[in-house]
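Q: The structure is given below, and queries will be raised subsequently.
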Amino acid sequence: MKKQHAFALSALAALLVAGCATAPSSADLDKMAADVVKASFRDEGIVKVSVLTPEDINEACTAADVAGKPIDPDLAIKLQDAQLKTIKWPADGKYLGDWKAGEKLAQSGRGLTWTDTADTANGGNCYNCHQLDPKEISFGTIGPSLAGYGKTRGVIADPTSPASKAIIEYTWGKIWNARAYNACSSMPRAVHKGILTEAQAKDLMALLLDPKSPVNN
Amino acid sequence: MKRILCTLALAGLAATAVHAQKSAAVLAIEEYRAMLADGNPAELFEAKGEDLWKQKRGPKNASLEQCDLGQGPGVVKAVFVTLPRYFADTNKVQDLESRLVTCMETLQGFDAADIAKTPFGKGEQNNVTALATWIAAESRDMKFNLPQTHAKEQVAYEIGKRLFFQRGGAHDFSCASCHGADNWRIRLQDLPNLTKNPGDGVGFAAWPAYRVSNGQMWSMQLRLNDCYRQQRFPYPGFGSDATVALGVYLGVNSQGSKSIAPAIKR
């Protein structure tokens with residue numbers, strides 16, 4: 001009798017536990033995930049756990065992905081505007097550097113992992129996701145093809161037209177901080193996050209827009 | 001019958017045409033791959049793992065034969081395709097490797113925290129990898145069927161999903177940056193879409209695997225660890241809740257797909 005009673009009680013307790021435990025809200029789960037991150041990662045080499053400090057734009061994109069929905073358009077515009085303000089425009093008005101140096105950067109995917117050192121030269125990671133020089137067969141497909149970038153956009157034919165000016169500025173901004181134009185783009189914010197320098201951004205600009213660059217030939 | 005013959009003949013013709021178009025380099029790569037498939041060096045790790053399971057080792061001089069991987073003490077057949085899962089004795093969701101380390105501590109007297117701190121490819125970690133390779137092989141060609149009945153298993157899936165989409169680090173990458181859509185490549189490397197079931201022997205269903213490029217046997221823990229390295233994230237602890245929750249997310253998404261582990265990779 002007593003045993004039966006105890007069994008019934010433990011069954012009830014199990015039901016209660018199951019009932020309560022199956023009900024965490026999405027916000028509860030977000031909090032639990034954040035706690036798991038805190039408990040699971042540690043500093044290693046040059047990569048510190050501080051790089052996982054939550055940031056509004058990343059939180060918003062992750063939330064949209066978890067929900068399986070695109071980000072709210074009004075929120076996206078607000079976030080993009082804030083990113084746009086981080087972009088510095090070239091003081092000397094010159095946007096194009098050396099396409100050969102740009103090609104080297106585009107080829108390299110190195111830098112900023114825990115097996116790199118502080119003096120590892122960061123690459124631009126471009127070919128990992130984009131086609132650029134059409135002669136290079138090893139290119140990724142996560143981003144759109146950029147082969148013929150300057151030519152197909154009319155910048156090579158008429159580099160000083162208002163249309164070309166807009167494309168040049170957009171390209172600069174996109175390299176500096178890709179998410180100023182698309183809040184949840186997968187593309188790194190190369191200059192904004194300190195992956196590349198302003199001078200390196202100019203070299204990548206030349207790779208895309210110089211008439212002599214293999215991208216346009 | 002006539003139709004079959006006709007189809008065969010056409011297929012033969014098509015194959016000849018394709019063959020003629022392939023460069024010497026492509027043919028050489030195909031030949032290399034075929035040679036690799038003939039003998040997967042993972043078999044050596046399988047044999048070592050089976051030995052380790054039966055060997056008396058550790059401060060308690062005991063074997064792992066009483067280790068409970070979810071289907072009762074000593075059962076190794078078909079357990080891999082049900083992991084990670086909840087274990088009542090630890091009150092935790094564990095993957096194969098973290099569970100093995102629990103058994104190494106409770107049965108053999110090893111220090112679990114010490115093993116977790118040991119880098120991959122060193123000391124007892126080599127033994128954990130060999131054991132995981134053998135136990136995975138004991139589920140070869142079986143379909144993934146992770147339990148999602150315990151509340152902690154359900155929560156682990158939801159946490160794993162959030163980790164999969166978590167953006168951070170210098171490059172703002174998440175797992176989904178590379179594995180979030182169909183037909184994506186990094187350079188020439190095909191990337192499975194892991195937000196859904198990627199099919200038999202793809203993604204979660206292809207690890208542990210022997211990696212020809214560096215001559216190493218990689219467990220799932222090492223696979224996830226190196227993904228996080230390339231993602232520019234900090235270091236995920238071995239068997240940490242983050243890696244196990246990700247395993248639940250990937251494993252449940254692979255429900256019904258066949259495991260080919262131990263696989264062979266470039």
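Residue numbers start at 1 in each chain; chains themselves are named A, B, ... in the order of the structure tokens; ligands are numbered from 1 in the order shown.
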For chain B, report every residue with an atom at most 9 Å from chain A (counting only C-alpha atoms), formatted as a VMD selection string.
A: chain B and resid 150 to 152 154 to 156 158 to 174 176 to 178 181 183 to 190 228 to 243
Q: Just C-alpha atoms for this one: save the residues we selected as a PDB file, in the first residue's frame.
A:
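File produced: result_2.pdb:
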```
ATOM      1  CA  HIS B 150      13.673  13.359 -22.460  1.00  0.00           C
ATOM      2  CA  ALA B 151      13.172  17.059 -21.774  1.00  0.00           C
ATOM      3  CA  LYS B 152      16.949  17.580 -21.684  1.00  0.00           C
ATOM      4  CA  GLN B 154      14.667  18.408 -26.494  1.00  0.00           C
ATOM      5  CA  VAL B 155      16.341  21.382 -24.835  1.00  0.00           C
ATOM      6  CA  ALA B 156      19.742  20.280 -26.196  1.00  0.00           C
ATOM      7  CA  GLU B 158      17.001  23.850 -29.279  1.00  0.00           C
ATOM      8  CA  ILE B 159      20.296  25.053 -27.790  1.00  0.00           C
ATOM      9  CA  GLY B 160      22.200  23.331 -30.593  1.00  0.00           C
ATOM     10  CA  LYS B 161      20.062  25.128 -33.152  1.00  0.00           C
ATOM     11  CA  ARG B 162      20.854  28.484 -31.517  1.00  0.00           C
ATOM     12  CA  LEU B 163      24.579  27.652 -31.489  1.00  0.00           C
ATOM     13  CA  PHE B 164      24.410  26.662 -35.152  1.00  0.00           C
ATOM     14  CA  PHE B 165      23.135  30.129 -36.072  1.00  0.00           C
ATOM     15  CA  GLN B 166      25.231  32.063 -33.512  1.00  0.00           C
ATOM     16  CA  ARG B 167      27.287  34.743 -35.273  1.00  0.00           C
ATOM     17  CA  GLY B 168      30.463  35.999 -33.708  1.00  0.00           C
ATOM     18  CA  GLY B 169      34.229  36.325 -33.869  1.00  0.00           C
ATOM     19  CA  ALA B 170      36.288  38.595 -36.098  1.00  0.00           C
ATOM     20  CA  HIS B 171      34.405  37.471 -39.229  1.00  0.00           C
ATOM     21  CA  ASP B 172      30.838  37.236 -37.806  1.00  0.00           C
ATOM     22  CA  PHE B 173      30.698  33.628 -39.005  1.00  0.00           C
ATOM     23  CA  SER B 174      28.210  31.056 -37.767  1.00  0.00           C
ATOM     24  CA  ALA B 176      25.262  28.473 -41.093  1.00  0.00           C
ATOM     25  CA  SER B 177      27.659  30.842 -42.926  1.00  0.00           C
ATOM     26  CA  CYS B 178      29.030  27.723 -44.656  1.00  0.00           C
ATOM     27  CA  ALA B 181      22.032  26.440 -47.863  1.00  0.00           C
ATOM     28  CA  ASN B 183      25.006  23.714 -53.289  1.00  0.00           C
ATOM     29  CA  TRP B 184      27.487  25.927 -51.491  1.00  0.00           C
ATOM     30  CA  ARG B 185      31.231  25.555 -51.862  1.00  0.00           C
ATOM     31  CA  ILE B 186      34.316  27.007 -50.173  1.00  0.00           C
ATOM     32  CA  ARG B 187      36.818  27.046 -53.042  1.00  0.00           C
ATOM     33  CA  LEU B 188      36.213  23.577 -54.564  1.00  0.00           C
ATOM     34  CA  GLN B 189      35.044  21.958 -51.342  1.00  0.00           C
ATOM     35  CA  ASP B 190      31.333  21.039 -51.375  1.00  0.00           C
ATOM     36  CA  TYR B 228      35.051  26.494 -34.750  1.00  0.00           C
ATOM     37  CA  ARG B 229      38.756  27.232 -35.342  1.00  0.00           C
ATOM     38  CA  GLN B 230      38.105  28.163 -38.969  1.00  0.00           C
ATOM     39  CA  GLN B 231      35.041  30.112 -37.881  1.00  0.00           C
ATOM     40  CA  ARG B 232      37.467  32.297 -35.830  1.00  0.00           C
ATOM     41  CA  PHE B 233      35.666  31.348 -32.627  1.00  0.00           C
ATOM     42  CA  PRO B 234      37.480  30.741 -29.329  1.00  0.00           C
ATOM     43  CA  TYR B 235      38.218  27.144 -28.270  1.00  0.00           C
ATOM     44  CA  PRO B 236      35.254  24.861 -27.465  1.00  0.00           C
ATOM     45  CA  GLY B 237      36.017  22.567 -24.538  1.00  0.00           C
ATOM     46  CA  PHE B 238      36.224  18.839 -25.320  1.00  0.00           C
ATOM     47  CA  GLY B 239      32.808  17.319 -24.597  1.00  0.00           C
ATOM     48  CA  SER B 240      31.482  20.763 -23.605  1.00  0.00           C
ATOM     49  CA  ASP B 241      27.727  21.341 -23.544  1.00  0.00           C
ATOM     50  CA  ALA B 242      28.053  23.467 -26.688  1.00  0.00           C
ATOM     51  CA  THR B 243      29.631  20.665 -28.741  1.00  0.00           C
TER      52      THR B 243
END
```
Q: Mind the document's chain letters and residue numbers, and return as a list in words the residues of range 174-239 of chain B that DSSP labels alpha helix (DSSP H).
A: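 Secondary structure check on range 174-239 of chain B, alpha helix (DSSP H): Cys175, Ala176, Ser177, Cys178, His179, Met220, Gln221, Leu222, Arg223, Leu224, Asn225, Asp226, Cys227, Tyr228, Arg229 and Gln230 of chain B.
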Q: List the spatial neighbours of Ala88 in chain B as a PyMOL selection string - criterion: any atom at most 12 Å away, only C-alpha atoms, same-chain residues fewer than 2 positions off excluded.
A: chain B and resi 68-70+85-86+90-94+99+150+152-153
Q: Save the residues we just selected, C-alpha atoms, as a PDB file, in the first residue's frame?
A:
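The resulting again.pdb:
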```pdb
ATOM      1  CA  ASP B  68      26.728   1.744 -20.695  1.00  0.00           C
ATOM      2  CA  LEU B  69      26.474   3.714 -23.934  1.00  0.00           C
ATOM      3  CA  GLY B  70      22.705   3.915 -23.707  1.00  0.00           C
ATOM      4  CA  ARG B  85      21.335  11.086 -25.716  1.00  0.00           C
ATOM      5  CA  TYR B  86      20.373  11.650 -22.077  1.00  0.00           C
ATOM      6  CA  THR B  90      25.285  11.751 -15.078  1.00  0.00           C
ATOM      7  CA  ASN B  91      21.959  13.601 -15.519  1.00  0.00           C
ATOM      8  CA  LYS B  92      23.363  14.959 -18.768  1.00  0.00           C
ATOM      9  CA  VAL B  93      23.027  14.649 -22.503  1.00  0.00           C
ATOM     10  CA  GLN B  94      26.310  13.111 -23.697  1.00  0.00           C
ATOM     11  CA  ARG B  99      30.265   9.227 -22.546  1.00  0.00           C
ATOM     12  CA  HIS B 150      13.673  13.359 -22.460  1.00  0.00           C
ATOM     13  CA  LYS B 152      16.949  17.580 -21.684  1.00  0.00           C
ATOM     14  CA  GLU B 153      17.285  16.020 -25.140  1.00  0.00           C
TER      15      GLU B 153
END
```
Q: Could you tell me how far CA of Asp133 in chain A sits from CA of Ala147 in chain A, in Å to one decimal place?
A: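 Distance reported for this atom pair: 5.9 Å.
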Q: Do you know which residues are at most 12 Å from Pro119 in chain B counting only C-alpha atoms, after dropping those on the same chain fewer than 3 positions away, and could you put them as an mmCIF file with N, CA and C atoms, in the first residue's frame?
A:
```
data_model
loop_
_atom_site.group_PDB
_atom_site.id
_atom_site.type_symbol
_atom_site.label_atom_id
_atom_site.label_comp_id
_atom_site.auth_asym_id
_atom_site.auth_seq_id
_atom_site.Cartn_x
_atom_site.Cartn_y
_atom_site.Cartn_z
ATOM 1 N N ASP B 114 41.083 15.598 -16.728
ATOM 2 C CA ASP B 114 42.428 15.522 -17.311
ATOM 3 C C ASP B 114 42.375 15.137 -18.790
ATOM 4 N N ILE B 115 41.563 14.138 -19.098
ATOM 5 C CA ILE B 115 41.428 13.691 -20.486
ATOM 6 C C ILE B 115 40.822 14.811 -21.335
ATOM 7 N N ALA B 116 39.809 15.487 -20.782
ATOM 8 C CA ALA B 116 39.160 16.575 -21.522
ATOM 9 C C ALA B 116 40.156 17.690 -21.836
ATOM 10 N N LYS B 122 46.938 13.445 -28.605
ATOM 11 C CA LYS B 122 47.923 13.232 -27.540
ATOM 12 C C LYS B 122 47.361 12.282 -26.488
ATOM 13 N N GLY B 123 48.207 11.494 -25.872
ATOM 14 C CA GLY B 123 47.880 10.661 -24.708
ATOM 15 C C GLY B 123 46.560 9.916 -24.820
ATOM 16 N N GLU B 124 45.743 10.032 -23.768
ATOM 17 C CA GLU B 124 44.479 9.289 -23.713
ATOM 18 C C GLU B 124 43.491 9.736 -24.789
ATOM 19 N N GLN B 125 43.666 10.960 -25.328
ATOM 20 C CA GLN B 125 42.750 11.399 -26.396
ATOM 21 C C GLN B 125 42.853 10.476 -27.602
ATOM 22 N N ASN B 126 44.050 9.978 -27.884
ATOM 23 C CA ASN B 126 44.217 9.019 -28.981
ATOM 24 C C ASN B 126 43.381 7.763 -28.732
ATOM 25 N N VAL B 128 40.616 7.622 -26.849
ATOM 26 C CA VAL B 128 39.197 7.978 -26.973
ATOM 27 C C VAL B 128 38.808 7.954 -28.462
ATOM 28 N N THR B 129 39.670 8.511 -29.313
ATOM 29 C CA THR B 129 39.388 8.537 -30.750
ATOM 30 C C THR B 129 39.284 7.121 -31.318
ATOM 31 N N GLN B 221 34.130 15.237 -32.215
ATOM 32 C CA GLN B 221 34.584 16.350 -31.375
ATOM 33 C C GLN B 221 35.672 17.151 -32.083
ATOM 34 N N LEU B 222 36.597 16.476 -32.740
ATOM 35 C CA LEU B 222 37.668 17.197 -33.444
ATOM 36 C C LEU B 222 37.119 17.903 -34.686
ATOM 37 N N ASN B 225 35.529 20.976 -33.414
ATOM 38 C CA ASN B 225 36.584 21.849 -32.909
ATOM 39 C C ASN B 225 37.248 22.604 -34.057
ATOM 40 N N TYR B 235 38.065 28.598 -28.325
ATOM 41 C CA TYR B 235 38.218 27.144 -28.270
ATOM 42 C C TYR B 235 37.057 26.479 -27.511
ATOM 43 N N PRO B 236 36.323 25.569 -28.183
ATOM 44 C CA PRO B 236 35.254 24.861 -27.465
ATOM 45 C C PRO B 236 35.844 23.711 -26.652
ATOM 46 N N GLY B 237 35.508 23.638 -25.389
ATOM 47 C CA GLY B 237 36.017 22.567 -24.538
ATOM 48 C C GLY B 237 35.635 21.204 -25.086
ATOM 49 N N PHE B 238 36.518 20.215 -24.898
ATOM 50 C CA PHE B 238 36.224 18.839 -25.320
ATOM 51 C C PHE B 238 35.009 18.331 -24.538
#
```
Q: Tell me, as a PyMOL selection string, which residues lie within 7 Å of Met205 in chain A, counting only C-alpha atoms; anything in the same chain fewer than 5 positions away does not count.
A: chain A and resi 95-97+172
Q: Tell me which protein, DNA and RNA residues are within 10 Å of Gly148 in chain A, counting only C-alpha atoms, leaving out same-chain ones fewer than 6 positions away, and put them as an NGL selection string.
A: :A and (131-134 or 156 or 208-209 or 211 or 213-217)
Q: What is the distance, in Å and to one decimal place, between CA of Lys100 in chain A and CA of Thr86 in chain A?
A: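 Interatomic distance, CA of Lys100 in chain A to CA of Thr86 in chain A: 27.2 Å.
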Q: Can you tell me how far CA of Lys54 in chain B sits from CA of Ala261 in chain B, in Å to one decimal?
A: 21.2 Å
Q: List the spatial neighbours of Gly58 in chain B as a PyMOL selection string - criterion: any atom at most 7 Å away, only C-alpha atoms, same-chain residues fewer than 5 positions off excluded.
A: chain B and resi 108-110
Q: Give me a file of those residues, with N, CA and C atoms, as an mmCIF file, in the first residue's frame.
A:
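result.cif, freshly written:
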```cif
data_model
loop_
_atom_site.group_PDB
_atom_site.id
_atom_site.type_symbol
_atom_site.label_atom_id
_atom_site.label_comp_id
_atom_site.auth_asym_id
_atom_site.auth_seq_id
_atom_site.Cartn_x
_atom_site.Cartn_y
_atom_site.Cartn_z
ATOM 1 N N GLN B 108 37.474 2.738 -14.985
ATOM 2 C CA GLN B 108 38.928 2.520 -15.018
ATOM 3 C C GLN B 108 39.705 3.430 -14.064
ATOM 4 N N GLY B 109 39.031 4.466 -13.566
ATOM 5 C CA GLY B 109 39.687 5.344 -12.605
ATOM 6 C C GLY B 109 40.525 6.465 -13.200
ATOM 7 N N PHE B 110 40.375 6.690 -14.526
ATOM 8 C CA PHE B 110 41.069 7.842 -15.128
ATOM 9 C C PHE B 110 40.406 9.136 -14.657
#
```
Q: Determine the nearest neighbour of Gly247 in chain B from the options B:Leu224, B:Leu131, B:Ala62, B:Leu191, counting only C-alpha atoms.
A: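 Checking each candidate against Gly247 in chain B, we get B:Leu224 as the closest.
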Q: From range 51-262 of chain B, collect each residue whose DSSP state is strand (DSSP E or B) and return the set as number ranges by chain.
A: B: 57, 62, 68, 73, 85-87, 92-94, 143, 168, 173, 184-186, 189-191, 209-211, 216-218, 235-236, 258
